[in-house]
Amino acid sequence: MAPTSSTFRADVVLVGGGLANSLIALRLKALRPDLSVVMLERDRRIGGEHTWCHFETDVSPGIGGWLRPLIVHRWAGYEVRFPGHQRSLETPYLAITSKRLHEAVITALGKNVWLGASVSEVSPHQVTLADGRRIAAATVIDGRGPRRSRSLVLGWQKFLGQGVRLAAPHGLTRPIVMDATVSQLDGYRFVYVLPLDATRLLIEDTRYSDGDDLDHADLRAAIAAYAGEQGWTIAKVEREEHGILPIALAGDIDAYWREARAQVAEVGLRAALFQPTTGYSLPDAARLADQIAALPRITSAHVRTCAEAHSKAAWRKRRFFRLLNRMLFKACAPDQRYKVLERFYRLGAPLIQRFYAARLTPWDRIRVLVGKPPVPIGAALGYLSETSVIEDRTA
Ligand SMILES: Cc1cc2nc3c(=O)[nH]c(=O)nc-3n(C[C@H](O)[C@H](O)[C@H](O)COP(=O)(O)OP(=O)(O)OC[C@H]3O[C@@H](n4cnc5c(N)ncnc54)[C@H](O)[C@@H]3O)c2cc1C
């Protein structure tokens with residue numbers, strides 16, 4: 001229950017109880033137990049409705065260690081399926097559920113988690129709630145999810161997933177991270193399947209699209225049809241989750257940060273911290289949480305400097321991923337996009353691991369580009385520079 005007096009004080013206020021702020025809360029509680037940390041979340045639970053996955057190789061062993069209590073499923077490897085080939089890879093794949101994250105944050109912060117607390121104004125040392133309550137703090141961290149901006153040019157990975165219980169065991173032992181043998185619709189389409197237990201699956205229909213509209217009814221029907229084709233009878237749809245994730249094509253990260261309110265630290269997707277080709281943000285969020293908790297002084301200004309520097313450095317280092325994304329979204333016909341991924345998945349397993357971890361070496365980059373490209377060369381040349389896409393959009 002949130003306090004009822006109109007002004008409250010804390011050392012750190014986390015605005016938004018999503019993934020990034022939850023990881024920060026857990027790290028602050030573990031490493032800086034002297035600080036009073038309050039989390040404000042407008043919904044009735046922390047973390048919304050999510051299954052967050054990552055490859056074990058996406059994070060350092062140290063981060064893997066402190067994430068371990070949050071891991072609900074661990075699979076020894078995964079599969080991909082394309083019209084031209086299918087493959088099993090041995091990289092472990094891990095899942096955190098929003099239910100587990102909620103429990104962990106509530107255990108760590110107790111009554112300092114305010115649920116149903118919608119924030120209307122955020123400034124460096126004060127947060128105002130929609131009901132007029134205020135909290136003063138040395139540190140305010142804004143993790144309210146993505147911020148729309150003209151400074152970033154994005155495509156979209158959009159999906160709807162259903163947690164289903166089947167009438168009989170499915171027989172899968174590892175996730176199918178991409179089943180692109182399905183008909184290609186609305187860009188690059190694939191189905192993602194996580195085996196949760198012998199009869200339960202998370203089945204997601206995913207599209208890499210130019211537009212950010214998501215037709216829920218259409219994707220539900222597509223999931224039912226896919227399950228039918230696999231010979232699975234759905235006894236019950238137990239839960240649903242959906243997302244429209246940013247895929248970075250180009251942008252001006254300095255301009256993006258100039259749009260943020262001075263001295264307020266933005267984190268998570270709001271800090272443009274995500275793997276540019278998947279839109280996944282968990283590894284970046286975990287790294288930033290570690291960095292923030294290790295700061296010698298934790299104030300709004302120090303956390304802002306840290307988050308901004310981390311975001312800008314990641315954005316600059318990931319230029320190559322944006323180039324690949326432009327090839328995928330701009331140079332390639334939507335129904336041919338699957339060929340880019342099909343070809344990518346013929347490359348060596350260590351390179352694929354480094355790709356997902358956004359840590360490609362110069363030699364990896366050459367390997368990704370050499371050979372017969374699945375996109376027309378003429379079209380590809382037109383999208384080599386980021387400015388061409390930015391100018392296209394502003395024309
Ligand atoms: C369904 C789904 C599945 C995903 N799966 C993966 C995955 O497998 N792996 C991965 O790495 N990434 C995944 N992502 C991408 C990304 O990691 C998530 O979107 C992640 O939750 C982003 O973290 P965040 O903290 O930036 O934002 P969020 O987790 O979205 O948190 C923002 C929070 O702020 C709250 N909020 C917003 N406005 C206010 C306000 N005014 N007052 C109070 N609270 C407010 C929201 O209710 C929300 O809880 C997934 C995304 C979705 C949507």
# chains A, B, ... in the order shown; residues from 1 in each chain; ligands from 1

call {"tool": "closest_atom_pairs", "arguments": {"of": "chain A", "to": "ligand 1", "cutoff": "8 Å", "atoms": "only C-alpha atoms and all ligand atoms", "output": "JSON lines"}}
result
{"residue": "A:Val15", "atom": "CA", "partner": "ligand 1", "partner_atom_place_in_ligand_line": "43 (C)", "distance": 5.9}
{"residue": "A:Gly16", "atom": "CA", "partner": "ligand 1", "partner_atom_place_in_ligand_line": "34 (O)", "distance": 3.4}
{"residue": "A:Gly17", "atom": "CA", "partner": "ligand 1", "partner_atom_place_in_ligand_line": "49 (O)", "distance": 4.5}
{"residue": "A:Gly18", "atom": "CA", "partner": "ligand 1", "partner_atom_place_in_ligand_line": "31 (O)", "distance": 3.1}
{"residue": "A:Leu19", "atom": "CA", "partner": "ligand 1", "partner_atom_place_in_ligand_line": "25 (O)", "distance": 3.8}
{"residue": "A:Ala20", "atom": "CA", "partner": "ligand 1", "partner_atom_place_in_ligand_line": "25 (O)", "distance": 3.7}
{"residue": "A:Asn21", "atom": "CA", "partner": "ligand 1", "partner_atom_place_in_ligand_line": "25 (O)", "distance": 5.7}
{"residue": "A:Ser22", "atom": "CA", "partner": "ligand 1", "partner_atom_place_in_ligand_line": "25 (O)", "distance": 7.5}
{"residue": "A:Leu40", "atom": "CA", "partner": "ligand 1", "partner_atom_place_in_ligand_line": "43 (C)", "distance": 5.5}
{"residue": "A:Glu41", "atom": "CA", "partner": "ligand 1", "partner_atom_place_in_ligand_line": "44 (N)", "distance": 4.0}
{"residue": "A:Arg42", "atom": "CA", "partner": "ligand 1", "partner_atom_place_in_ligand_line": "43 (C)", "distance": 4.0}
{"residue": "A:Asp43", "atom": "CA", "partner": "ligand 1", "partner_atom_place_in_ligand_line": "47 (O)", "distance": 5.4}
{"residue": "A:Arg45", "atom": "CA", "partner": "ligand 1", "partner_atom_place_in_ligand_line": "49 (O)", "distance": 7.8}
{"residue": "A:Ile46", "atom": "CA", "partner": "ligand 1", "partner_atom_place_in_ligand_line": "49 (O)", "distance": 6.0}
{"residue": "A:Gly47", "atom": "CA", "partner": "ligand 1", "partner_atom_place_in_ligand_line": "49 (O)", "distance": 5.1}
{"residue": "A:Gly48", "atom": "CA", "partner": "ligand 1", "partner_atom_place_in_ligand_line": "49 (O)", "distance": 5.5}
{"residue": "A:Glu49", "atom": "CA", "partner": "ligand 1", "partner_atom_place_in_ligand_line": "1 (C)", "distance": 6.3}
{"residue": "A:His50", "atom": "CA", "partner": "ligand 1", "partner_atom_place_in_ligand_line": "1 (C)", "distance": 4.6}
{"residue": "A:Thr51", "atom": "CA", "partner": "ligand 1", "partner_atom_place_in_ligand_line": "5 (N)", "distance": 5.5}
{"residue": "A:Trp52", "atom": "CA", "partner": "ligand 1", "partner_atom_place_in_ligand_line": "8 (O)", "distance": 3.4}
{"residue": "A:Cys53", "atom": "CA", "partner": "ligand 1", "partner_atom_place_in_ligand_line": "8 (O)", "distance": 3.6}
{"residue": "A:His54", "atom": "CA", "partner": "ligand 1", "partner_atom_place_in_ligand_line": "9 (N)", "distance": 5.5}
{"residue": "A:Ala95", "atom": "CA", "partner": "ligand 1", "partner_atom_place_in_ligand_line": "8 (O)", "distance": 7.1}
{"residue": "A:Gly116", "atom": "CA", "partner": "ligand 1", "partner_atom_place_in_ligand_line": "43 (C)", "distance": 7.7}
{"residue": "A:Ala117", "atom": "CA", "partner": "ligand 1", "partner_atom_place_in_ligand_line": "43 (C)", "distance": 5.7}
{"residue": "A:Ser118", "atom": "CA", "partner": "ligand 1", "partner_atom_place_in_ligand_line": "42 (N)", "distance": 3.7}
{"residue": "A:Val119", "atom": "CA", "partner": "ligand 1", "partner_atom_place_in_ligand_line": "42 (N)", "distance": 3.8}
{"residue": "A:Ser120", "atom": "CA", "partner": "ligand 1", "partner_atom_place_in_ligand_line": "41 (N)", "distance": 5.7}
{"residue": "A:Glu121", "atom": "CA", "partner": "ligand 1", "partner_atom_place_in_ligand_line": "41 (N)", "distance": 8.0}
{"residue": "A:Leu129", "atom": "CA", "partner": "ligand 1", "partner_atom_place_in_ligand_line": "42 (N)", "distance": 7.6}
{"residue": "A:Gly143", "atom": "CA", "partner": "ligand 1", "partner_atom_place_in_ligand_line": "25 (O)", "distance": 5.3}
{"residue": "A:Arg144", "atom": "CA", "partner": "ligand 1", "partner_atom_place_in_ligand_line": "34 (O)", "distance": 3.5}
{"residue": "A:Gly145", "atom": "CA", "partner": "ligand 1", "partner_atom_place_in_ligand_line": "27 (O)", "distance": 3.7}
{"residue": "A:Pro146", "atom": "CA", "partner": "ligand 1", "partner_atom_place_in_ligand_line": "26 (O)", "distance": 6.2}
{"residue": "A:Phe159", "atom": "CA", "partner": "ligand 1", "partner_atom_place_in_ligand_line": "1 (C)", "distance": 7.7}
{"residue": "A:Leu160", "atom": "CA", "partner": "ligand 1", "partner_atom_place_in_ligand_line": "1 (C)", "distance": 7.4}
{"residue": "A:Gly161", "atom": "CA", "partner": "ligand 1", "partner_atom_place_in_ligand_line": "1 (C)", "distance": 7.5}
{"residue": "A:Glu241", "atom": "CA", "partner": "ligand 1", "partner_atom_place_in_ligand_line": "1 (C)", "distance": 4.8}
{"residue": "A:His242", "atom": "CA", "partner": "ligand 1", "partner_atom_place_in_ligand_line": "1 (C)", "distance": 4.3}
{"residue": "A:Gly243", "atom": "CA", "partner": "ligand 1", "partner_atom_place_in_ligand_line": "53 (C)", "distance": 3.6}
{"residue": "A:Ile244", "atom": "CA", "partner": "ligand 1", "partner_atom_place_in_ligand_line": "53 (C)", "distance": 6.3}
{"residue": "A:Leu245", "atom": "CA", "partner": "ligand 1", "partner_atom_place_in_ligand_line": "15 (C)", "distance": 6.2}
{"residue": "A:Val267", "atom": "CA", "partner": "ligand 1", "partner_atom_place_in_ligand_line": "26 (O)", "distance": 6.5}
{"residue": "A:Gly268", "atom": "CA", "partner": "ligand 1", "partner_atom_place_in_ligand_line": "26 (O)", "distance": 3.5}
{"residue": "A:Leu269", "atom": "CA", "partner": "ligand 1", "partner_atom_place_in_ligand_line": "26 (O)", "distance": 3.8}
{"residue": "A:Arg270", "atom": "CA", "partner": "ligand 1", "partner_atom_place_in_ligand_line": "26 (O)", "distance": 5.7}
{"residue": "A:Ala271", "atom": "CA", "partner": "ligand 1", "partner_atom_place_in_ligand_line": "26 (O)", "distance": 7.7}
{"residue": "A:Phe274", "atom": "CA", "partner": "ligand 1", "partner_atom_place_in_ligand_line": "17 (O)", "distance": 7.4}
{"residue": "A:Gln275", "atom": "CA", "partner": "ligand 1", "partner_atom_place_in_ligand_line": "11 (O)", "distance": 8.0}
{"residue": "A:Gly279", "atom": "CA", "partner": "ligand 1", "partner_atom_place_in_ligand_line": "15 (C)", "distance": 5.8}
{"residue": "A:Tyr280", "atom": "CA", "partner": "ligand 1", "partner_atom_place_in_ligand_line": "12 (N)", "distance": 3.4}
{"residue": "A:Ser281", "atom": "CA", "partner": "ligand 1", "partner_atom_place_in_ligand_line": "17 (O)", "distance": 3.9}
{"residue": "A:Leu282", "atom": "CA", "partner": "ligand 1", "partner_atom_place_in_ligand_line": "11 (O)", "distance": 3.7}
{"residue": "A:Pro283", "atom": "CA", "partner": "ligand 1", "partner_atom_place_in_ligand_line": "11 (O)", "distance": 6.3}
{"residue": "A:Ala285", "atom": "CA", "partner": "ligand 1", "partner_atom_place_in_ligand_line": "25 (O)", "distance": 7.5}

call {"tool": "closest_atom_pairs", "arguments": {"of": "range 48-71 of chain A", "to": "range 288-298 of chain A", "cutoff": "10 Å", "atoms": "only C-alpha atoms", "output": "tab-separated table"}}
result
residue	atom	partner	partner_atom	distance
A:Gly62	CA	A:Asp290	CA	9.8
A:Ile63	CA	A:Asp290	CA	8.0
A:Trp66	CA	A:Asp290	CA	9.9

call {"tool": "closest_residue", "arguments": {"among": "A:Ala286, A:Val264, A:Ile253, A:Val368", "to": "Arg346 in chain A", "atoms": "only C-alpha atoms"}}
result
A:Val368

call {"tool": "residues_around", "arguments": {"residues": "Val113 in chain A", "least_positions_apart": "4", "cutoff": "8 Å", "atoms": "only C-alpha atoms", "output": "VMD selection string"}}
result
chain A and resid 2 38 to 41 105 to 106 109

call {"tool": "closest_residue", "arguments": {"among": "A:Glu204, A:Asp11, A:Glu342, A:Asp186", "to": "Ala224 in chain A", "atoms": "only C-alpha atoms"}}
result
A:Glu204

call {"tool": "atom_distance", "arguments": {"atom1": "CA of Pro334 in chain A", "atom2": "CA of Ala217 in chain A"}}
result
21.7 Å

call {"tool": "decode", "arguments": {"residues": "range 356-394 of chain A", "atoms": "N, CA and C atoms", "output": "CSV table (one decimal), in the first residue's frame"}}
result
chain,number,residue,atom,x,y,z
A,356,TYR,N,24.0,-12.3,-31.8
A,356,TYR,CA,22.9,-12.0,-30.8
A,356,TYR,C,23.4,-11.2,-29.7
A,357,ALA,N,24.6,-11.4,-29.3
A,357,ALA,CA,25.2,-10.6,-28.2
A,357,ALA,C,25.7,-9.2,-28.6
A,358,ALA,N,25.5,-8.9,-29.9
A,358,ALA,CA,25.9,-7.6,-30.5
A,358,ALA,C,27.4,-7.4,-30.3
A,359,ARG,N,28.2,-8.4,-30.5
A,359,ARG,CA,29.6,-8.3,-30.3
A,359,ARG,C,30.4,-8.9,-31.5
A,360,LEU,N,29.9,-8.5,-32.7
A,360,LEU,CA,30.6,-9.1,-33.9
A,360,LEU,C,32.0,-8.5,-34.1
A,361,THR,N,32.9,-9.4,-34.5
A,361,THR,CA,34.3,-8.9,-34.7
A,361,THR,C,34.4,-8.4,-36.2
A,362,PRO,N,35.5,-7.7,-36.5
A,362,PRO,CA,35.6,-7.2,-37.9
A,362,PRO,C,35.5,-8.4,-38.9
A,363,TRP,N,36.2,-9.5,-38.6
A,363,TRP,CA,36.1,-10.7,-39.5
A,363,TRP,C,34.7,-11.2,-39.6
A,364,ASP,N,34.0,-11.3,-38.5
A,364,ASP,CA,32.5,-11.7,-38.5
A,364,ASP,C,31.8,-10.8,-39.6
A,365,ARG,N,32.0,-9.5,-39.5
A,365,ARG,CA,31.3,-8.6,-40.4
A,365,ARG,C,31.5,-9.0,-41.9
A,366,ILE,N,32.8,-9.3,-42.1
A,366,ILE,CA,33.1,-9.7,-43.5
A,366,ILE,C,32.4,-11.0,-43.9
A,367,ARG,N,32.4,-11.9,-42.9
A,367,ARG,CA,31.8,-13.2,-43.2
A,367,ARG,C,30.3,-13.1,-43.4
A,368,VAL,N,29.7,-12.1,-42.7
A,368,VAL,CA,28.2,-11.9,-42.9
A,368,VAL,C,27.9,-11.4,-44.3
A,369,LEU,N,28.9,-10.5,-44.8
A,369,LEU,CA,28.6,-9.9,-46.0
A,369,LEU,C,29.0,-10.6,-47.3
A,370,VAL,N,30.1,-11.4,-47.2
A,370,VAL,CA,30.6,-12.1,-48.4
A,370,VAL,C,29.7,-13.1,-48.9
A,371,GLY,N,29.9,-13.4,-50.2
A,371,GLY,CA,29.0,-14.5,-50.9
A,371,GLY,C,27.9,-13.8,-51.7
A,372,LYS,N,27.1,-14.7,-52.2
A,372,LYS,CA,26.0,-14.2,-53.1
A,372,LYS,C,24.9,-13.6,-52.2
A,373,PRO,N,24.8,-12.2,-52.3
A,373,PRO,CA,23.8,-11.6,-51.4
A,373,PRO,C,22.4,-11.9,-51.7
A,374,PRO,N,21.5,-12.1,-50.7
A,374,PRO,CA,20.1,-12.4,-51.1
A,374,PRO,C,19.3,-11.1,-51.3
A,375,VAL,N,20.0,-10.0,-51.4
A,375,VAL,CA,19.3,-8.7,-51.7
A,375,VAL,C,19.9,-8.2,-53.0
A,376,PRO,N,19.1,-7.5,-53.9
A,376,PRO,CA,19.6,-6.9,-55.1
A,376,PRO,C,20.7,-5.9,-54.8
A,377,ILE,N,21.9,-6.0,-55.5
A,377,ILE,CA,23.0,-5.2,-55.2
A,377,ILE,C,22.7,-3.7,-55.4
A,378,GLY,N,22.0,-3.4,-56.5
A,378,GLY,CA,21.7,-2.0,-56.8
A,378,GLY,C,20.9,-1.4,-55.6
A,379,ALA,N,19.9,-2.1,-55.1
A,379,ALA,CA,19.1,-1.5,-54.0
A,379,ALA,C,19.9,-1.4,-52.8
A,380,ALA,N,20.8,-2.4,-52.6
A,380,ALA,CA,21.6,-2.4,-51.3
A,380,ALA,C,22.5,-1.2,-51.3
A,381,LEU,N,23.1,-0.9,-52.5
A,381,LEU,CA,24.1,0.3,-52.5
A,381,LEU,C,23.4,1.6,-52.1
A,382,GLY,N,22.1,1.7,-52.5
A,382,GLY,CA,21.3,2.9,-52.1
A,382,GLY,C,21.1,3.1,-50.7
A,383,TYR,N,21.3,2.0,-49.9
A,383,TYR,CA,21.1,2.2,-48.4
A,383,TYR,C,22.3,2.0,-47.6
A,384,LEU,N,23.5,2.2,-48.2
A,384,LEU,CA,24.7,2.0,-47.4
A,384,LEU,C,24.8,3.0,-46.2
A,385,SER,N,24.4,4.2,-46.5
A,385,SER,CA,24.6,5.2,-45.5
A,385,SER,C,23.3,5.5,-44.7
A,386,GLU,N,23.5,5.8,-43.4
A,386,GLU,CA,22.3,6.0,-42.5
A,386,GLU,C,21.6,7.3,-43.0
A,387,THR,N,22.4,8.3,-43.5
A,387,THR,CA,21.7,9.6,-43.8
A,387,THR,C,20.7,9.4,-44.9
A,388,SER,N,21.0,8.4,-45.9
A,388,SER,CA,20.0,8.2,-47.0
A,388,SER,C,18.6,7.9,-46.4
A,389,VAL,N,18.6,7.1,-45.3
A,389,VAL,CA,17.3,6.6,-44.8
A,389,VAL,C,16.7,7.8,-44.0
A,390,ILE,N,17.5,8.5,-43.3
A,390,ILE,CA,17.0,9.7,-42.5
A,390,ILE,C,16.4,10.7,-43.5
A,391,GLU,N,17.1,11.0,-44.6
A,391,GLU,CA,16.6,11.9,-45.5
A,391,GLU,C,15.4,11.4,-46.2
A,392,ASP,N,15.3,10.1,-46.6
A,392,ASP,CA,14.1,9.5,-47.2
A,392,ASP,C,12.9,9.8,-46.3
A,393,ARG,N,13.1,9.7,-45.0
A,393,ARG,CA,12.0,9.8,-44.1
A,393,ARG,C,11.5,11.2,-43.9
A,394,THR,N,12.5,12.1,-44.0
A,394,THR,CA,12.1,13.5,-43.7
A,394,THR,C,11.7,14.2,-45.0
